Structure formats: C-alpha cells, structure tokens
Amino acid sequence: MQRAPSVWSLALVAAALACAPFMRGLLQGEPVFAPLKLLYHFEPWRSLPNAPQPPPWDVLVWDGVAQFYVWRDLVHRGWLGADGGWWNPYALCGTPLLANSQSAPYYLPHILAMLLPTWLGVSALAYFHLFWAGLGMGLWLRQRGLGIGAFVGMGLWMLSLFFVSWLPLSSVPATLSWFGWLLWGLEQVRTRGVRMLPGFALIWGLMLLAGHLQFAFYGALLSLLYALWLGYETRADGGLLRYGLTVGAGYLLGGMLAAAQVLPALDLAGYSHRQAVASEAGYAAYVRTALPLFHLITAYFPTAFGDPRTGDYWGAVHYAELALSVGAFGWLFALMGVRRRGQGAFWLGVGLIALLIALGAPLTRLLYFYVPGFSATGSPARILCLWAFSVAALAAHGVADPRGWRMGLGAWLAILAACLLLTLTTLPAGVSRAPLWAGIGASAFLLAAIGLAVGLAWVGLQRTRGDQVRPALFAILAVAPMVVYALGYPWTAPRAAAFPPLPDLPALGVGERVAALNTRWSLYEPPSARMPPNTAAMYRLPDVGGYDSLLPRHAKRFLDLLNGQDSAPPENGNMQFVKQLRPELAYLRVRAVLTPEGWISLPPAPVRLQPLEVLPDEEAVWTRLQANPFPDAIPVWGAAAQQAVQEYGAGALVPNATVVWEAYRADSLRLRVVNPASKTAWLLITDTWYPGWQATVNGKPAPVLQANGAFRTVPIPSGEAIVEMRFQPRSVQTGMSLCMLFAAVALLVWGWSLLRRSE
C-alpha cells in the first residue's frame, strides 16, 4: 500500500485546482462567476450605455442567468425577509419556489451564503462546490489506500469536461460535489459501523437538498452499486448484516433530513406540466438526445466538434450534455487501471453501464419505462457524470499502479482507431469533415505540447530520481490538459453587469404585474426577445410569463388559452411567453406591457365580485373558458366547490365593489374588500392556485377554491372584509417534522457513540 497523502495536502491541492476556472475572470476584472453577460443579447440591457460585449450565445448556459441566478437572489431575499423561500410571486402569476427543488432554500451551503450579496454568493458557491467535489474524491481514494493516485482522481473528477461544462447551472455541481463524499461515507460505515450512521445520513441528505433530482438519482445509483460492492468485499469478514442495516438506516435518515424540500418537489411533480405517461413516441424523442457514436472521439479530443466558448461548436445536442472527456491522458491512465477483479473491474463496469445508457442502448429503455418519473428527465447522456467519475477513479488506480501500462496503451490506441472509424462512418452524410479534422488537430497539438514537456522533464530527472518523480509526472500529464481547458472558462462577468439599474421601468402598485411580449426563442443564435421570462424578478416586477423546469400545468394551460396557442416556444417547453397583447391581461393585474416600441400602460380591469358556477369536472371548466377567459360567473368544480356553495351560497354579480391591495409578499397577501351587496359574493384573485394556500376573511378561516381554471377565489361577506392569505404547504410541515426526527436520532447515535468511547 502506498503512503497515504495527508488530508491537508488533499485540501490544498483541491483548493488550488478549483481556482482554474476563475483565473481568467479575475485577471480580466470579472469577479462574478455567472454568465451574466448573456443578458446583453437582449433589450433593454443591450441598449444601456457601456454595455459589455456579450459572449457567443449558449442556450443551456442561459439557464445560469434566468433560473439559477434569479432563484439564488429570491431565496437570499426570502431568508433575509423571513419569507422562507416557499413561493415565487414574480413569475407565472405566482408559482412554487421551494417545490421546484433547484432553488434549494434548505441546502446548508445556500443558507450560509445568505450572508453574502447574490453576486458574491453564487461565485463563492461555485468555487466551494468545485473544491468540495475534489476533496471528497480525494478523501475516498485516500481511504482506499491510494497515494499520488488520489490527487489524480481528484483533479480529473473536479475538472472533468462534464463538471466544468455544467458549472454555470449551480444545482448540478452542487449535487455532483457529494458523489465522492457518498463513497467515503460508505467506507466509513464499513470500518466504523453505527458511529458513522449520522455522518453518512448527513452526506446523503445534503446531496438530495443540493437541488437537482436527476443528478441526485445518479448519485443514489452510484452509491447503491458501491454499497453492494463493499458488501461483497465485507462478506468474508463477517458483519455483513450489520453493515447492510446501517447503510439502509443511513439512506432512510438522510431522506428524512431532505424531506422538507423533497416532499414538496414530489407534490409539484403531480401538478407539473411535465407529467406524462411513458410512451414509444416519448422514448423516441428522448433517445434523440443520447450520445451519438460519432461523438465518442471527444473522449480523446474534446474540441473535435468545436468549442462553445468561442461560439463554433457544431456537434450534436449541446456540448455540456455530451461532455465525456477527462482528457486523453486521463483516459490512458484509466485504461491502465482496469483489472479483472477488484476496484479496477468494478469501475470499468460502472463506467460501461453509464456509457451504454448515455448511448441510448436497451438499458436506457428499461430506465425510461420502468423507473417512475424517469421519462420526465432530461437527456439520457446526463448519466455521463457517472462515466466521468468512473474514469477518474480508474485513472487514479492506473497512476497508483502503472504495471498495466502496456495493455493500457494498446487498448488506448485501439479504441482511438475505433472511435475515428465510428466518427467517419456514422457522421451524417453531407456533413463536411474539414471542421472535424481542424478540431482534432487543435486538441492533438495541445496534448502533444503537454506530453513533450512532461517527457522532457522525465528524461531530465530520470538519472537522478526517476522512481521518485515518475508518479508526480504521471499526475501532471493526466491533470494538466484539464487545467488548461478550465483556465479558458468564459462565464464570468464584472460586478456592474449583474442586473444593472434600468431606465423607464414602470412603477407598480401593490399586487400589480407586468408582461413582456415575446414570440421567439432560439437554440443556436441570440433570440429576438425582450426581458426574457424570470429576469423581471431581479427588479421586483411580478411577471405573467415565467421559466421553470417544474411549473403548475393549470397555470400554463390558462396562459395557453389567453395566447390562443402554446405559450412555450418550440425550443423550450419550460419557458412561458406572453405572445399577444390582449385586454384580458388587465384581469391578471397587468399594468404595463413591454412591447417592441417600449413600455405601454394598460388600464385596470373593472373591479367586481362574482357568483360561482359549479361545473361537472375540470374539463368542463376549460371548455367554458374557451369563449371568455373571465366570464361573469366564476367556473369551479369538485366536492370542495359544492360544499362551499352550500355553506356560503353561490353569490351574485357585484359590479361596484372595492378591492384594495394592502400587502403582497412572497408567501402572504392582504386585501381590504368592500361588498356593497346584502349577501356573500366571491372574489377572484388572479394568483395561481396551489395546495397549501390558506385564507382568513375577517380573521375566520375561509375556503380557497381553484377557480377559473388556474386561480383562487374566496367568499366575501356583505360589508367590509379583510382577506389574508398565507402559503403553508402540508408537505413542508411534514418534511420539517421528519427533519427534526432525523436530528433527534442523530443526536442519540452520537451520544451513544461518545458513551461507548468513554467506557
């Protein structure tokens, strides 16, 4: 066994390597680690004086602005304002925030980052998760007895093309950063037993809380496979049952820790616009985003199909979705680490499983049709995160024990030839090969330069201390190409580019909204859009449009009805536009609309209280709304509506009512309503209905019905009434109780461990 590196040396190297993607921005005076300069492709930012030159358009990286930066800011302000970050009032007439999972308000690093301004918080979190991923990988490899190989595995994982390409989308690196820690935790459970139960549960729970449930699924798959492998290794030593029970309890406790965030996400999945039954047509569309065979060459030459950082990427799908490289030399050392048994065999198996799923092999079909919810996930190629992790682990073993270098080199050359052949034979007909050879040449030149430099150093030192420096030179050869690639990371911005003040923004009253007219989006060029969905939230302008990976389908359906077409552009089904300027927008409390000519004002809708019309089912409601999105009688359905009519009456149309919005916060609102009629009528509040909204009228509980398809209605008695609403979802309360139970169990186990140790 090699001499294990110290924890401090691993931490220092991880901290140094994590600086690589930040260096370019810091040297250019751009300390904000977010792709904010993409804003300047759009109005109104493009017309600002001294607007920075935007980088090449990248539709996936745009999510780092419109979703992750905005969500970080909303959660940051929610915590500081004691709103809790449960509801987002700034998109889609209100939509769940906590339940979208990726906003991750209960993730511990996000809670700590609330002490920082948003621009600094997102930068610190990006650096931390890069560092944390490397440290976790290094500590796990150290636990396995690796020396210099621990540094190699650490560097290749944290700077793998997959990890670095997804850095702008903060929930992805946050989730990936826990993969190494999961394996370290399992090793600790095997050696320390029940004493490590709370620690492993904490790691598992924090990975779930990090926010990206698809990548958390891959982390769960990785840890389960490794737990089974460790069980296989443990069987001869005895204690297999105790190990299995401890690991199972750890998964259960970690799920309890994350329940306050995961349970609301599961609730929203049931109401989501993405809810769909797995079908053959859906599967055909799903595997169209799989890794094509001709892209396998990028394992050796990452820029074979161009580089998105310079805007000349021409490969399939998106660069980040197909990022499988850990560098050609890293791949060489990985092949040197393959063995017939032991860790070399295990990680070869995991890597091949991940690669087959990414390629859309029959195994992908099993996941799509038989794993609940998997059909609603993104590209199957995203499982390449497990491929990158496996290759990094193999490379660590290859450097630690390079005895298989002849077989590894032979396999490396043979696979290179096979990848070249596959690329030339499967690349679609009519596609020029010239850019491909140019991209391969650029990557090959860099590899040759690094290889030559390391080779010269080896020759120079061979006579004096060859055995001592060889492992270090191997490590440099493996990791250096990935460091060079990371140094060119372009997604940084100056502080002044972080949503600067805009002239001529409309002044809104309490509860009022804006809308931005947009009709087009684009995957390949800057879209001709104005104030794209979610960006208005940074100026605290509630918007009718919105952008979220999980949004209530009834909210989308109403916006589709109002637009007279699908609100989403064909390129992105999660993005919801206001596509037409219609007078009915006034009923959504829209007071200003951003058009190609600028902001225009919209007159307010008439204030009224209305009667209820109970219809047989939800489809009958939507049929009624086709003729008039806001009829005189509010259409409702269901047992709750029938009971409310029996208790409060159906009401009547009251055209001369008074409604004053007194407060409109993230998780609550308050109105003063005057009903001049002699009996109860109903107030339609055009905020998205969702379970968990509770109302009081004059301090007494009142029903909140789903009304007009997507909104809320409450009964208003005769005279003056104070209506208050608060968002208190039961799933959050249940999750909080489970989290407290986790804390109690963890304290009991730790206390028991301390008592045992003292004895």
# chains A, B, ... in the order shown; residues from 1 in each chain; ligands from 1
$ residues_around --residues "stretch 116-128 of chain A" --least-positions-apart "6" --cutoff "7 Å" --atoms "only C-alpha atoms" --output "PDB file with N, CA and C atoms, in the first residue's frame"
ATOM      1  N   ALA A  18      -9.267  24.189  -7.928  1.00  0.00           N
ATOM      2  CA  ALA A  18     -10.573  24.843  -8.057  1.00  0.00           C
ATOM      3  C   ALA A  18     -10.455  26.283  -8.519  1.00  0.00           C
ATOM      4  N   VAL A  32     -17.608  38.039 -10.894  1.00  0.00           N
ATOM      5  CA  VAL A  32     -18.896  37.363 -10.725  1.00  0.00           C
ATOM      6  C   VAL A  32     -18.882  36.084 -11.552  1.00  0.00           C
ATOM      7  N   PHE A  33     -18.975  34.964 -10.886  1.00  0.00           N
ATOM      8  CA  PHE A  33     -18.899  33.669 -11.560  1.00  0.00           C
ATOM      9  C   PHE A  33     -20.302  33.251 -11.990  1.00  0.00           C
ATOM     10  N   ARG A  72     -31.314  32.076  -6.778  1.00  0.00           N
ATOM     11  CA  ARG A  72     -30.425  32.366  -5.646  1.00  0.00           C
ATOM     12  C   ARG A  72     -30.793  33.704  -5.017  1.00  0.00           C
ATOM     13  N   ASP A  73     -31.114  34.690  -5.853  1.00  0.00           N
ATOM     14  CA  ASP A  73     -31.462  36.008  -5.333  1.00  0.00           C
ATOM     15  C   ASP A  73     -32.799  35.967  -4.597  1.00  0.00           C
ATOM     16  N   LEU A 167     -20.872  23.914 -14.680  1.00  0.00           N
ATOM     17  CA  LEU A 167     -20.672  24.821 -13.550  1.00  0.00           C
ATOM     18  C   LEU A 167     -21.650  25.995 -13.514  1.00  0.00           C
ATOM     19  N   SER A 170     -26.030  26.000 -11.193  1.00  0.00           N
ATOM     20  CA  SER A 170     -25.460  25.753  -9.869  1.00  0.00           C
ATOM     21  C   SER A 170     -25.965  24.494  -9.182  1.00  0.00           C
TER      22      SER A 170
END
$ residues_around --residues "A:Phe200" --least-positions-apart "5" --cutoff "7 Å" --atoms "only C-alpha atoms" --output "ChimeraX atom specification"
/A:185-186,250
$ write_last_selection --atoms "N, CA and C atoms" --output "PDB file, in the first residue's frame"
ATOM      1  N   GLY A 185     -18.275   8.095   2.783  1.00  0.00           N
ATOM      2  CA  GLY A 185     -19.171   7.779   3.891  1.00  0.00           C
ATOM      3  C   GLY A 185     -19.451   6.294   3.995  1.00  0.00           C
ATOM      4  N   LEU A 186     -19.629   5.621   2.847  1.00  0.00           N
ATOM      5  CA  LEU A 186     -19.857   4.178   2.869  1.00  0.00           C
ATOM      6  C   LEU A 186     -18.633   3.436   3.408  1.00  0.00           C
ATOM      7  N   GLY A 250     -28.971   4.671   7.122  1.00  0.00           N
ATOM      8  CA  GLY A 250     -28.392   5.944   6.683  1.00  0.00           C
ATOM      9  C   GLY A 250     -29.178   6.561   5.545  1.00  0.00           C
TER      10      GLY A 250
END
$ closest_residue --among "A:Trp405, A:Tyr539, A:Phe630, A:Trp314" --to "A:Tyr90" --atoms "only C-alpha atoms"
A:Tyr539
$ residues_around --residues "stretch 142-144 of chain A" --least-positions-apart "3" --cutoff "7 Å" --atoms "only C-alpha atoms" --output "PyMOL selection string"
chain A and resi 4-5+138-139+147+150
$ closest_atom_pairs --of "stretch 26-67 of chain A" --to "stretch 596-614 of chain A" --cutoff "12 Å" --atoms "only C-alpha atoms" --output "JSON lines"
{"residue": "A:Phe42", "atom": "CA", "partner": "A:Pro596", "partner_atom": "CA", "distance": 11.6}
{"residue": "A:Glu43", "atom": "CA", "partner": "A:Pro596", "partner_atom": "CA", "distance": 9.2}
{"residue": "A:Pro44", "atom": "CA", "partner": "A:Gly598", "partner_atom": "CA", "distance": 9.0}
$ write_last_selection --atoms "N, CA and C atoms" --output "PDB file, in the first residue's frame"
ATOM      1  N   PHE A  42     -30.058  40.927 -25.091  1.00  0.00           N
ATOM      2  CA  PHE A  42     -31.477  41.256 -25.049  1.00  0.00           C
ATOM      3  C   PHE A  42     -31.688  42.724 -24.696  1.00  0.00           C
ATOM      4  N   GLU A  43     -32.820  43.234 -25.160  1.00  0.00           N
ATOM      5  CA  GLU A  43     -33.310  44.511 -24.654  1.00  0.00           C
ATOM      6  C   GLU A  43     -33.994  44.257 -23.309  1.00  0.00           C
ATOM      7  N   PRO A  44     -33.919  45.228 -22.411  1.00  0.00           N
ATOM      8  CA  PRO A  44     -33.359  46.583 -22.536  1.00  0.00           C
ATOM      9  C   PRO A  44     -31.880  46.711 -22.184  1.00  0.00           C
TER      10      PRO A  44
END
$ residues_around --residues "A:Arg520" --least-positions-apart "5" --cutoff "7 Å" --atoms "only C-alpha atoms" --output "list of chain:residue names"
A:Pro527, A:Ser528, A:Ala529, A:Pro569
$ atom_distance --atom1 "atom CA of A:Phe68" --atom2 "atom CA of A:Gln102"
7.8 Å
$ residues_around --residues "A:Gly180" --least-positions-apart "4" --cutoff "12 Å" --atoms "only C-alpha atoms" --output "compact mmCIF listing (two decimals) with N, CA and C atoms, in the first residue's frame"
# COMPACT_ATOMS: atom_id res chain seq x y z
N HIS A 129 -18.19 24.32 -4.36
CA HIS A 129 -18.61 23.01 -4.83
C HIS A 129 -17.55 22.35 -5.71
N LEU A 130 -16.80 23.14 -6.44
CA LEU A 130 -15.68 22.58 -7.20
C LEU A 130 -14.63 22.01 -6.24
N PHE A 131 -14.28 22.80 -5.26
CA PHE A 131 -13.32 22.34 -4.24
C PHE A 131 -13.86 21.12 -3.49
N TRP A 132 -15.12 21.17 -3.11
CA TRP A 132 -15.72 20.11 -2.30
C TRP A 132 -15.78 18.80 -3.07
N ALA A 133 -16.06 18.88 -4.37
CA ALA A 133 -16.07 17.67 -5.20
C ALA A 133 -14.70 17.02 -5.22
N GLY A 134 -13.65 17.85 -5.41
CA GLY A 134 -12.31 17.30 -5.43
C GLY A 134 -11.89 16.71 -4.10
N LEU A 135 -12.20 17.41 -3.02
CA LEU A 135 -11.80 16.92 -1.70
C LEU A 135 -12.50 15.61 -1.37
N GLY A 136 -13.78 15.51 -1.67
CA GLY A 136 -14.50 14.26 -1.40
C GLY A 136 -13.91 13.09 -2.17
N MET A 137 -13.61 13.33 -3.45
CA MET A 137 -12.99 12.27 -4.26
C MET A 137 -11.63 11.89 -3.69
N GLY A 138 -10.84 12.89 -3.32
CA GLY A 138 -9.51 12.63 -2.80
C GLY A 138 -9.54 11.85 -1.49
N LEU A 139 -10.44 12.22 -0.59
CA LEU A 139 -10.53 11.52 0.70
C LEU A 139 -10.99 10.08 0.52
N TRP A 140 -11.92 9.86 -0.40
CA TRP A 140 -12.35 8.48 -0.65
C TRP A 140 -11.19 7.64 -1.19
N LEU A 141 -10.45 8.17 -2.18
CA LEU A 141 -9.32 7.42 -2.74
C LEU A 141 -8.23 7.21 -1.69
N ARG A 142 -8.04 8.19 -0.83
CA ARG A 142 -7.09 8.04 0.28
C ARG A 142 -7.54 6.90 1.19
N GLN A 143 -8.84 6.84 1.45
CA GLN A 143 -9.36 5.76 2.28
C GLN A 143 -9.10 4.39 1.65
N ALA A 150 -4.61 9.47 -5.59
CA ALA A 150 -5.72 10.24 -5.01
C ALA A 150 -5.76 11.64 -5.60
N GLY A 153 -7.15 11.28 -9.33
CA GLY A 153 -8.60 11.10 -9.37
C GLY A 153 -9.34 12.36 -8.99
N MET A 154 -8.83 13.04 -7.98
CA MET A 154 -9.43 14.29 -7.53
C MET A 154 -9.43 15.32 -8.65
N TRP A 157 -11.74 14.38 -11.74
CA TRP A 157 -13.18 14.48 -11.48
C TRP A 157 -13.61 15.93 -11.42
N MET A 158 -12.95 16.74 -10.61
CA MET A 158 -13.41 18.11 -10.41
C MET A 158 -13.21 18.97 -11.65
N THR A 175 -24.91 19.16 -6.61
CA THR A 175 -25.26 17.75 -6.43
C THR A 175 -24.06 16.84 -6.70
N LEU A 176 -23.35 17.10 -7.80
CA LEU A 176 -22.21 16.26 -8.16
C LEU A 176 -21.11 16.30 -7.10
N TRP A 184 -16.97 7.88 0.33
CA TRP A 184 -16.18 7.99 1.56
C TRP A 184 -17.03 7.62 2.77
N GLY A 185 -18.28 8.10 2.78
CA GLY A 185 -19.17 7.78 3.89
C GLY A 185 -19.45 6.29 4.00
N LEU A 186 -19.63 5.62 2.85
CA LEU A 186 -19.86 4.18 2.87
C LEU A 186 -18.63 3.44 3.41
N GLU A 187 -17.45 3.89 3.01
CA GLU A 187 -16.22 3.28 3.54
C GLU A 187 -16.15 3.46 5.06
N PHE A 200 -23.00 9.58 7.48
CA PHE A 200 -23.41 9.14 6.14
C PHE A 200 -24.79 9.68 5.79
N ILE A 203 -24.49 13.29 4.69
CA ILE A 203 -23.98 13.40 3.32
C ILE A 203 -25.08 13.11 2.31
N TRP A 204 -25.79 12.03 2.51
CA TRP A 204 -26.87 11.63 1.60
C TRP A 204 -27.97 12.69 1.57
N MET A 207 -26.86 15.84 -0.34
CA MET A 207 -26.88 15.68 -1.79
C MET A 207 -28.30 15.84 -2.34
N GLY A 219 -26.45 9.92 -8.38
CA GLY A 219 -25.65 9.75 -7.17
C GLY A 219 -26.15 8.59 -6.33
N ALA A 220 -27.48 8.45 -6.24
CA ALA A 220 -28.05 7.33 -5.50
C ALA A 220 -27.68 6.01 -6.15
N LEU A 222 -25.06 5.41 -8.03
CA LEU A 222 -23.63 5.19 -7.78
C LEU A 222 -23.39 4.64 -6.37
N SER A 223 -24.01 5.27 -5.39
CA SER A 223 -23.76 4.85 -4.01
C SER A 223 -24.35 3.47 -3.73
N TYR A 226 -22.02 0.92 -5.19
CA TYR A 226 -20.80 0.83 -4.39
C TYR A 226 -21.08 0.17 -3.04
N LEU A 386 -21.54 9.85 -14.30
CA LEU A 386 -21.02 8.62 -13.70
C LEU A 386 -19.87 8.05 -14.52
N PHE A 389 -16.86 10.13 -13.49
CA PHE A 389 -16.42 9.74 -12.15
C PHE A 389 -15.68 8.40 -12.21
N SER A 390 -16.23 7.45 -12.96
CA SER A 390 -15.62 6.12 -13.05
C SER A 390 -14.25 6.19 -13.71
N ALA A 392 -12.25 8.76 -13.82
CA ALA A 392 -11.33 9.41 -12.88
C ALA A 392 -10.86 8.42 -11.81
N ALA A 393 -11.77 7.58 -11.32
CA ALA A 393 -11.38 6.57 -10.32
C ALA A 393 -10.41 5.56 -10.91
